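Asker: Got a structure for you, input21.tsv, holding TSV, C-alpha atoms.
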```tsv
chain	number	residue	atom	x	y	z
A	266	MET	CA	7.62	-1.55	-39.32
A	267	PRO	CA	5.10	1.33	-39.30
A	268	PRO	CA	1.48	0.19	-39.51
A	269	ALA	CA	0.22	0.21	-43.10
A	270	PRO	CA	-2.70	2.51	-43.94
A	271	GLY	CA	-4.83	-0.53	-44.43
A	272	ALA	CA	-4.17	-1.75	-40.91
A	273	ALA	CA	-7.88	-1.54	-40.16
A	274	SER	CA	-8.25	-4.88	-41.88
A	275	VAL	CA	-6.04	-6.53	-39.28
A	276	PRO	CA	-8.24	-8.91	-37.33
A	277	ARG	CA	-9.07	-7.56	-33.90
A	278	LEU	CA	-10.12	-9.74	-31.06
A	279	SER	CA	-12.78	-7.36	-30.02
A	280	ASP	CA	-14.60	-4.27	-31.06
A	281	PRO	CA	-12.83	-1.39	-29.25
A	282	GLU	CA	-16.13	0.09	-28.13
A	283	ARG	CA	-16.82	-3.14	-26.38
A	284	TRP	CA	-13.61	-2.59	-24.38
A	285	VAL	CA	-15.31	0.16	-22.50
A	286	GLU	CA	-18.22	-2.09	-21.69
A	287	GLU	CA	-16.11	-5.05	-20.68
A	288	HIS	CA	-12.98	-3.59	-19.16
A	289	GLY	CA	-13.80	0.05	-18.47
A	290	ASP	CA	-14.92	-0.52	-14.93
A	291	TYR	CA	-12.04	-2.80	-14.03
A	292	LEU	CA	-9.47	-0.39	-15.45
A	293	PHE	CA	-11.12	2.57	-13.79
A	294	LYS	CA	-11.04	0.89	-10.38
A	295	PHE	CA	-7.43	-0.11	-10.98
A	296	ALA	CA	-6.50	3.49	-11.73
A	297	PHE	CA	-8.68	4.92	-8.99
A	298	VAL	CA	-7.03	2.89	-6.24
A	299	ARG	CA	-3.62	4.11	-7.43
A	300	LEU	CA	-4.47	7.74	-8.14
A	301	ARG	CA	-7.39	8.44	-5.81
A	302	ASP	CA	-8.76	10.99	-8.23
A	303	PRO	CA	-11.75	10.03	-10.39
A	304	ALA	CA	-11.04	12.58	-13.14
A	305	ARG	CA	-7.42	11.57	-13.43
A	306	ALA	CA	-8.32	7.90	-13.33
A	307	GLU	CA	-10.77	8.43	-16.17
A	308	ASP	CA	-8.10	10.27	-18.21
A	309	MET	CA	-5.69	7.40	-17.70
A	310	VAL	CA	-8.26	4.86	-18.81
A	311	GLN	CA	-9.03	6.92	-21.90
A	312	GLU	CA	-5.32	7.24	-22.73
A	313	THR	CA	-5.02	3.51	-22.27
A	314	PHE	CA	-7.78	2.82	-24.77
A	315	LEU	CA	-6.33	5.25	-27.29
A	316	ALA	CA	-2.87	3.75	-26.95
A	317	ALA	CA	-4.41	0.32	-27.35
A	318	LEU	CA	-6.13	1.41	-30.56
A	319	LYS	CA	-2.81	2.56	-31.97
A	320	GLY	CA	-1.09	-0.61	-30.93
A	321	GLY	CA	-3.96	-2.71	-32.21
A	322	GLN	CA	-1.74	-4.56	-34.60
A	323	SER	CA	0.52	-6.06	-32.02
A	324	PHE	CA	-2.53	-6.83	-29.96
A	325	ALA	CA	-4.01	-9.53	-32.16
A	326	GLY	CA	-2.89	-12.85	-30.82
A	327	ARG	CA	-1.72	-11.50	-27.48
A	328	SER	CA	-2.80	-13.02	-24.24
A	329	ALA	CA	-5.93	-11.92	-22.53
A	330	GLU	CA	-7.23	-8.55	-23.60
A	331	LYS	CA	-7.72	-7.46	-20.03
A	332	SER	CA	-4.17	-8.05	-18.89
A	333	TRP	CA	-2.88	-6.39	-22.04
A	334	LEU	CA	-4.93	-3.27	-21.33
A	335	THR	CA	-3.98	-3.38	-17.65
A	336	GLY	CA	-0.32	-3.48	-18.65
A	337	ILE	CA	-0.72	-0.34	-20.72
A	338	LEU	CA	-2.56	1.39	-17.89
A	339	LYS	CA	0.14	0.41	-15.42
A	340	HIS	CA	2.77	2.10	-17.58
A	341	LYS	CA	0.63	5.20	-17.95
A	342	ILE	CA	0.28	5.47	-14.20
A	343	LEU	CA	4.02	5.02	-13.66
A	344	ASP	CA	4.68	7.73	-16.25
A	345	TYR	CA	2.29	9.97	-14.44
A	346	TYR	CA	4.10	9.39	-11.13
A	347	ARG	CA	7.45	10.07	-12.80
A	348	LYS	CA	6.25	13.35	-14.24
A	349	ALA	CA	4.63	14.38	-10.97
A	350	SER	CA	7.83	13.63	-9.05
A	351	ARG	CA	9.71	16.08	-11.26
A	352	GLU	CA	7.29	18.85	-10.38
A	353	THR	CA	6.91	18.33	-6.65
A	354	SER	CA	8.74	16.12	-4.20
A	355	PHE	CA	7.11	12.86	-3.20
A	356	THR	CA	8.92	12.85	0.12
A	357	ASP	CA	6.55	13.37	3.03
A	358	LEU	CA	8.16	13.27	6.43
A	359	GLU	CA	5.47	15.33	8.10
A	360	PHE	CA	2.72	12.75	8.20
A	361	TYR	CA	2.47	10.89	11.51
A	362	GLN	CA	5.70	12.49	12.59
A	363	ASP	CA	5.09	11.69	16.24
A	364	GLU	CA	4.75	7.98	15.38
A	365	GLU	CA	2.19	7.36	18.11
A	366	SER	CA	4.42	8.75	20.86
A	367	ASP	CA	1.38	8.83	23.10
A	368	ARG	CA	1.39	5.04	23.19
A	369	PHE	CA	4.93	4.63	24.46
A	370	ILE	CA	6.51	5.12	27.85
A	371	PRO	CA	8.23	8.51	27.58
A	372	GLU	CA	11.20	7.94	29.87
A	373	GLY	CA	12.93	5.81	32.44
A	374	LEU	CA	14.06	2.22	32.37
A	375	PHE	CA	11.23	1.14	30.07
A	376	LYS	CA	11.43	4.09	27.75
A	377	GLY	CA	9.98	3.31	24.34
A	378	GLY	CA	7.88	0.38	25.56
A	379	TRP	CA	4.13	0.18	24.92
A	380	ILE	CA	2.14	1.68	27.77
A	381	HIS	CA	0.11	-1.01	29.50
A	382	GLU	CA	-1.27	-0.23	32.87
A	383	THR	CA	-4.57	-1.32	34.32
A	384	GLY	CA	-7.32	0.22	32.25
A	385	ARG	CA	-4.83	1.70	29.86
A	386	ASP	CA	-3.59	-0.89	27.41
A	387	LEU	CA	-2.09	0.99	24.52
A	388	GLY	CA	-0.21	-1.84	22.85
A	389	PRO	CA	-1.68	-3.51	19.76
A	390	MET	CA	-4.89	-5.38	20.57
A	391	GLU	CA	-5.51	-8.98	19.73
A	392	TRP	CA	-7.33	-9.10	16.38
A	393	SER	CA	-9.85	-11.80	15.70
A	394	THR	CA	-8.28	-15.25	15.57
A	395	ASP	CA	-8.66	-15.32	11.81
A	396	PRO	CA	-8.32	-11.83	10.36
A	397	GLY	CA	-8.03	-13.58	7.00
A	398	ALA	CA	-11.78	-14.17	7.11
A	399	SER	CA	-12.22	-10.39	6.87
A	400	LEU	CA	-10.88	-10.48	3.34
A	401	ASP	CA	-14.22	-11.81	2.08
A	402	SER	CA	-16.22	-9.15	3.82
A	403	ALA	CA	-17.40	-6.12	1.87
A	404	ALA	CA	-17.64	-4.17	5.13
A	405	PHE	CA	-13.98	-4.91	5.86
A	406	TRP	CA	-12.95	-3.55	2.48
A	407	LYS	CA	-14.98	-0.45	3.02
A	408	ALA	CA	-13.11	0.12	6.30
A	409	PHE	CA	-9.82	-0.67	4.56
A	410	HIS	CA	-10.41	1.85	1.78
A	411	ASP	CA	-11.75	4.46	4.18
A	412	CYS	CA	-8.60	4.08	6.24
A	413	SER	CA	-6.33	4.21	3.17
A	414	ASN	CA	-8.10	7.33	2.01
A	415	LYS	CA	-7.08	9.06	5.21
A	416	LEU	CA	-3.43	8.70	4.25
A	417	PRO	CA	-1.95	11.76	2.53
A	418	ARG	CA	-1.62	11.25	-1.22
A	419	ASN	CA	2.13	10.66	-1.38
A	420	ILE	CA	2.10	8.30	1.56
A	421	ALA	CA	-0.73	6.39	-0.08
A	422	THR	CA	1.21	6.25	-3.35
A	423	VAL	CA	4.28	4.64	-1.82
A	424	PHE	CA	2.13	2.28	0.21
A	425	THR	CA	0.20	1.20	-2.88
A	426	MET	CA	3.32	0.72	-4.95
A	427	ARG	CA	5.00	-1.33	-2.26
A	428	GLU	CA	2.12	-3.28	-0.75
A	429	VAL	CA	-0.49	-3.54	-3.51
A	430	ASP	CA	1.81	-3.82	-6.51
A	431	GLY	CA	4.80	-5.32	-4.70
A	432	VAL	CA	7.36	-3.03	-6.34
A	433	GLU	CA	10.85	-3.25	-4.79
A	434	SER	CA	12.14	-0.32	-2.72
A	435	LYS	CA	14.87	0.59	-5.20
A	436	GLU	CA	12.47	0.82	-8.07
A	437	ILE	CA	9.99	2.94	-6.12
A	438	CYS	CA	12.81	5.31	-5.20
A	439	GLN	CA	13.91	5.63	-8.82
A	440	THR	CA	10.40	6.24	-10.09
A	441	LEU	CA	9.43	8.75	-7.43
A	442	ASN	CA	12.87	10.23	-6.99
A	443	ILE	CA	13.06	9.77	-3.23
A	444	SER	CA	15.73	8.28	-0.98
A	445	GLU	CA	15.42	4.76	0.39
A	446	SER	CA	15.66	5.88	4.00
A	447	ASN	CA	12.81	8.35	3.46
A	448	LEU	CA	10.77	5.68	1.71
A	449	TRP	CA	11.15	3.33	4.69
A	450	VAL	CA	10.07	6.03	7.10
A	451	MET	CA	7.02	6.75	4.96
A	452	LEU	CA	6.11	3.08	4.69
A	453	HIS	CA	6.52	2.59	8.43
A	454	ARG	CA	4.16	5.47	9.15
A	455	ALA	CA	1.67	4.34	6.54
A	456	ARG	CA	1.52	0.88	8.13
A	457	MET	CA	1.28	2.37	11.57
A	458	ALA	CA	-1.59	4.67	10.65
A	459	LEU	CA	-3.45	2.05	8.68
A	460	ARG	CA	-3.04	-0.54	11.42
A	461	ARG	CA	-4.33	1.82	14.04
A	462	CYS	CA	-7.24	2.92	11.89
A	463	LEU	CA	-8.29	-0.66	11.15
A	464	GLU	CA	-7.96	-1.62	14.78
A	465	THR	CA	-10.26	1.23	15.73
A	466	ASN	CA	-12.75	0.89	12.91
A	467	TRP	CA	-12.82	-2.78	12.18
A	468	PHE	CA	-11.05	-5.16	14.50
A	469	GLY	CA	-12.01	-3.19	17.57
A	470	ASN	CA	-15.67	-3.97	16.93
A	471	ASP	CA	-15.56	-7.63	17.77
A	472	ALA	CA	-13.07	-7.33	20.60
B	1	MET	CA	20.92	-2.90	48.08
B	2	ASN	CA	22.62	-0.25	46.05
B	3	PHE	CA	24.82	-2.90	44.60
B	4	LEU	CA	21.80	-4.95	43.57
B	5	THR	CA	20.15	-2.01	41.83
B	6	ALA	CA	23.36	-1.31	40.02
B	7	LEU	CA	23.63	-4.92	38.94
B	8	ILE	CA	20.08	-5.02	37.65
B	9	ARG	CA	20.68	-1.80	35.81
B	10	ARG	CA	23.85	-3.21	34.26
B	11	LEU	CA	21.94	-6.28	33.18
B	12	PHE	CA	19.25	-4.13	31.62
B	13	ASP	CA	21.77	-2.00	29.81
B	14	GLY	CA	23.31	-5.16	28.41
B	15	ILE	CA	20.03	-6.47	27.06
B	16	ARG	CA	19.07	-3.00	26.01
B	17	ALA	CA	22.25	-2.58	23.95
B	18	LEU	CA	21.45	-5.61	21.85
B	19	SER	CA	17.69	-5.65	21.93
B	20	PRO	CA	15.59	-2.74	20.71
B	21	ASN	CA	12.70	-1.19	22.66
B	22	CYS	CA	9.14	-1.48	21.33
B	23	ARG	CA	9.28	1.73	19.36
B	24	GLU	CA	12.41	0.54	17.61
B	25	ALA	CA	11.12	-3.01	17.27
B	26	ILE	CA	8.04	-1.99	15.31
B	27	ARG	CA	10.15	0.15	13.01
B	28	LEU	CA	12.50	-2.79	12.44
B	29	GLN	CA	9.57	-5.07	11.69
B	30	SER	CA	8.33	-2.60	9.11
B	31	ASP	CA	11.80	-2.30	7.59
B	32	ALA	CA	12.10	-6.07	7.45
B	33	LEU	CA	9.22	-6.05	4.96
B	34	ASP	CA	11.22	-3.82	2.63
B	35	ARG	CA	14.85	-4.78	3.04
B	36	GLU	CA	17.13	-7.29	4.69
B	37	LEU	CA	18.07	-6.16	8.18
B	38	PRO	CA	21.71	-6.27	9.30
B	39	MET	CA	22.48	-9.45	11.24
B	40	LEU	CA	22.82	-7.76	14.62
B	41	LYS	CA	19.51	-5.98	14.24
B	42	GLN	CA	17.86	-9.25	13.31
B	43	VAL	CA	19.20	-10.94	16.43
B	44	GLY	CA	18.16	-8.03	18.63
B	45	LEU	CA	14.69	-7.99	17.12
B	46	ARG	CA	14.31	-11.75	17.65
B	47	ILE	CA	15.19	-11.39	21.32
B	48	HIS	CA	12.71	-8.59	21.71
B	49	LEU	CA	9.94	-10.51	20.00
B	50	VAL	CA	10.40	-13.52	22.24
B	51	LEU	CA	9.77	-11.29	25.21
B	52	CYS	CA	7.11	-8.95	23.87
B	53	ARG	CA	3.70	-10.14	22.71
B	54	TRP	CA	2.57	-6.62	21.76
B	55	CYS	CA	5.31	-6.30	19.21
B	56	ARG	CA	4.67	-9.83	17.96
B	57	ARG	CA	1.07	-8.80	17.41
B	58	TYR	CA	2.14	-5.63	15.67
B	59	GLY	CA	4.33	-7.58	13.27
B	60	GLY	CA	1.54	-10.01	12.49
B	61	GLN	CA	-0.84	-7.16	11.87
B	62	ILE	CA	1.35	-5.25	9.44
B	63	ARG	CA	2.04	-8.49	7.60
B	64	PHE	CA	-1.72	-8.93	7.42
B	65	LEU	CA	-1.97	-5.44	5.88
B	66	ARG	CA	0.36	-6.60	3.14
B	67	ARG	CA	-1.63	-9.77	2.62
B	68	ALA	CA	-4.86	-7.77	2.41
B	69	ALA	CA	-3.36	-5.21	0.03
B	70	ARG	CA	-2.17	-7.96	-2.31
B	71	SER	CA	-5.30	-10.02	-2.28
B	72	HIS	CA	-7.79	-9.25	-4.99
B	73	SER	CA	-11.28	-10.19	-4.09
B	74	ASP	CA	-14.70	-9.27	-5.38
B	75	ALA	CA	-15.49	-7.82	-1.98
B	76	ASP	CA	-12.56	-5.46	-2.45
B	77	ALA	CA	-13.60	-4.34	-5.93
B	78	GLN	CA	-17.08	-3.56	-4.67
B	79	ALA	CA	-15.73	-1.05	-2.19
B	80	VAL	CA	-14.06	1.03	-4.94
B	81	PRO	CA	-16.18	3.48	-6.96
B	82	SER	CA	-17.23	2.42	-10.47
B	83	LEU	CA	-17.30	4.42	-13.68
B	84	THR	CA	-20.23	6.78	-13.75
B	85	GLN	CA	-22.65	6.56	-16.66
B	86	GLU	CA	-21.35	9.89	-17.99
B	87	ALA	CA	-17.72	8.83	-17.76
B	88	ARG	CA	-18.55	5.61	-19.56
B	89	GLN	CA	-20.22	7.62	-22.34
B	90	ARG	CA	-17.21	9.91	-22.65
B	91	LEU	CA	-14.92	6.90	-22.98
B	92	VAL	CA	-17.10	5.31	-25.65
B	93	GLU	CA	-17.10	8.55	-27.64
B	94	ALA	CA	-13.33	8.95	-27.34
B	95	VAL	CA	-12.78	5.42	-28.54
B	96	ARG	CA	-15.28	5.79	-31.36
B	97	LYS	CA	-13.67	9.01	-32.55
B	98	ASN	CA	-10.22	7.48	-32.63
B	99	ALA	CA	-11.13	4.08	-33.98
B	100	THR	CA	-11.89	5.40	-37.45
```
Produce structure tokens that represent the structure in this file.

Answerer:
Amino acid sequence: MPPAPGAASVPRLSDPERWVEEHGDYLFKFAFVRLRDPARAEDMVQETFLAALKGGQSFAGRSAEKSWLTGILKHKILDYYRKASRETSFTDLEFYQDEESDRFIPEGLFKGGWIHETGRDLGPMEWSTDPGASLDSAAFWKAFHDCSNKLPRNIATVFTMREVDGVESKEICQTLNISESNLWVMLHRARMALRRCLETNWFGNDA
Amino acid sequence: MNFLTALIRRLFDGIRALSPNCREAIRLQSDALDRELPMLKQVGLRIHLVLCRWCRRYGGQIRFLRRAARSHSDADAQAVPSLTQEARQRLVEAVRKNAT
């Protein structure tokens, strides 16, 4: 049923202007992490609010306002990815192409093993006994975001979809129009780069 | 002596055929986070991980990356930029204009 002209009288749980005050920041951060572009993130948040205004009717009585708005934003971001994937390919097989070759034995019986000679231990280091404790540290998150920001945009997008939002491989491939085997290569390299960066910039400090 | 070297090499080739090297093992551990590995690959990876603490570490660390990425803490939110005052104003105006 189309909304009646008098729909303004429908009870609203909150004054839309108050949305900006209460949820603006949260939504902006949500979009920023996924788009890494402040202007685009702001656009998405604005579109979300406008869509929410239009859908105001179905909103009354829904669960928490915040998760409702976040749901709209999520769809907007996915739509944006879909559109972007039609214009340029999301596949990036250039990034970290050498896959840390310098850390592996180049040939011989132990080819492909981590290099570990005296004074030259290139395998993964031991991280602190409880890396989980890092999750409460603001400095850790700064390092984490700094490291993520070093990933090329498309690599960061697949990593965020898979690891932050937990989207299944198949769905990512459909949305971004890439093949599964390319997705797995991209994810592998993203993890590799991020792991190395964190080891250097965070976990290396207390070793 | 030659015979011994040959034997050792044969043995290595045998293990090698089933078990991946480190480069392959870290790729498999990444893949395992995104799909189910074929049975033989799983077995080979297991064998490798028993023998190789570097790759065990690597696996633990990329699983930690996932755990970190999926955790939502206040400390995390603080590290992401907030709306600027101007952006906030623009949003309020857009909402106001469309609310009427």

Asker: Can you work out the spacing between atom CA of Glu312 of chain A and atom CA of Thr422 of chain A in Å, to one decimal?

Answerer: 20.5 Å

Asker: Taking all atoms listed in the file into account and nothing else, which residues of chain B lie no more than 8 Å away from chain A? Please answer as an MDAnalysis selection string.

Answerer: chainID B and resid 21:24 27 30:31 34:35 54:55 57:58 61:62 64:66 68:71 73:83 87:88 91:92 94:96 98:99

Asker: What's around segment 10-20 of chain B at 8 Å? Count all atoms listed in the file, leave out sequence neighbours fewer than 2 positions away in its own chain, and write the answer as a PDB file with C-alpha atoms, in the coordinates of the input.

Answerer:
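The new file part-v2.pdb reads:
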```pdb
ATOM      1  CA  ALA B   6      23.360  -1.310  40.020  1.00  0.00           C
ATOM      2  CA  LEU B   7      23.630  -4.920  38.940  1.00  0.00           C
ATOM      3  CA  ILE B   8      20.080  -5.020  37.650  1.00  0.00           C
ATOM      4  CA  CYS B  22       9.140  -1.480  21.330  1.00  0.00           C
ATOM      5  CA  ARG B  23       9.280   1.730  19.360  1.00  0.00           C
ATOM      6  CA  GLU B  24      12.410   0.540  17.610  1.00  0.00           C
ATOM      7  CA  ALA B  25      11.120  -3.010  17.270  1.00  0.00           C
ATOM      8  CA  LEU B  40      22.820  -7.760  14.620  1.00  0.00           C
ATOM      9  CA  LYS B  41      19.510  -5.980  14.240  1.00  0.00           C
ATOM     10  CA  VAL B  43      19.200 -10.940  16.430  1.00  0.00           C
ATOM     11  CA  GLY B  44      18.160  -8.030  18.630  1.00  0.00           C
ATOM     12  CA  LEU B  45      14.690  -7.990  17.120  1.00  0.00           C
ATOM     13  CA  ILE B  47      15.190 -11.390  21.320  1.00  0.00           C
ATOM     14  CA  HIS B  48      12.710  -8.590  21.710  1.00  0.00           C
TER      15      HIS B  48
END
```

Asker: Would you compute the distance between atom CA of Arg347 of chain A and atom CA of Arg63 of chain B? Give it in Å to one decimal.

Answerer: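 So the two atoms, atom CA of Arg347 of chain A and atom CA of Arg63 of chain B, lie 28.1 Å apart.
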
Asker: Quick one: pull the distance between atom CA of Ser350 of chain A and atom CA of Asn419 of chain A, Å, one decimal.

Answerer: 10.0 Å

Asker: For segment 42-48 of chain B, what centre and edge lengths in Å (one decimal) does the axis-aligned box get once 3 Å is added on each side of all its listed atoms, as JSON?

Answerer:
```
{"center_x": 16.0, "center_y": -9.9, "center_z": 17.5, "size_x": 12.5, "size_y": 9.8, "size_z": 14.4}
```

Asker: Given the choices A:Thr394, A:Tyr346, A:Ile337, A:Arg301, which gets closest to Gln439 of chain A if the distance is worked out from only C-alpha atoms?

Answerer: A:Tyr346

Asker: Rank nothing, just name the residue among A:Cys412, A:Ala421, A:Leu343, A:Ala316 nearest to Asn466 of chain A, using all atoms listed in the file.

Answerer: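 Looking only at the distances to Asn466 of chain A, the closest residue turns out to be A:Cys412.
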
Asker: Quick one: segment 413-427 of chain A with N, CA and C atoms, as a compact mmCIF listing (two decimals), in the frame of the given file?

Answerer:
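Okay, rebuild_39.txt is ready:
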```txt
# COMPACT_ATOMS: atom_id res chain seq x y z
N SER A 413 -7.37 3.83 4.14
CA SER A 413 -6.33 4.21 3.17
C SER A 413 -6.55 5.63 2.67
N ASN A 414 -7.82 5.99 2.52
CA ASN A 414 -8.10 7.33 2.01
C ASN A 414 -7.72 8.43 2.98
N LYS A 415 -7.51 8.04 4.24
CA LYS A 415 -7.08 9.06 5.21
C LYS A 415 -5.59 9.33 5.10
N LEU A 416 -4.86 8.45 4.42
CA LEU A 416 -3.43 8.70 4.25
C LEU A 416 -3.24 9.85 3.26
N PRO A 417 -2.25 10.71 3.52
CA PRO A 417 -1.95 11.76 2.53
C PRO A 417 -1.57 11.10 1.19
N ARG A 418 -1.79 11.83 0.11
CA ARG A 418 -1.62 11.25 -1.22
C ARG A 418 -0.27 10.57 -1.45
N ASN A 419 0.81 11.23 -1.08
CA ASN A 419 2.13 10.66 -1.38
C ASN A 419 2.43 9.42 -0.54
N ILE A 420 1.94 9.46 0.70
CA ILE A 420 2.10 8.30 1.56
C ILE A 420 1.31 7.13 0.97
N ALA A 421 0.10 7.43 0.51
CA ALA A 421 -0.73 6.39 -0.08
C ALA A 421 -0.08 5.83 -1.35
N THR A 422 0.56 6.71 -2.11
CA THR A 422 1.21 6.25 -3.35
C THR A 422 2.32 5.26 -3.05
N VAL A 423 3.20 5.58 -2.11
CA VAL A 423 4.28 4.64 -1.82
C VAL A 423 3.73 3.35 -1.22
N PHE A 424 2.72 3.48 -0.39
CA PHE A 424 2.13 2.28 0.21
C PHE A 424 1.53 1.38 -0.88
N THR A 425 0.82 1.98 -1.81
CA THR A 425 0.20 1.20 -2.88
C THR A 425 1.25 0.54 -3.76
N MET A 426 2.28 1.31 -4.10
CA MET A 426 3.32 0.72 -4.95
C MET A 426 3.97 -0.47 -4.27
N ARG A 427 4.27 -0.28 -2.97
CA ARG A 427 5.00 -1.33 -2.26
C ARG A 427 4.09 -2.50 -1.90
```
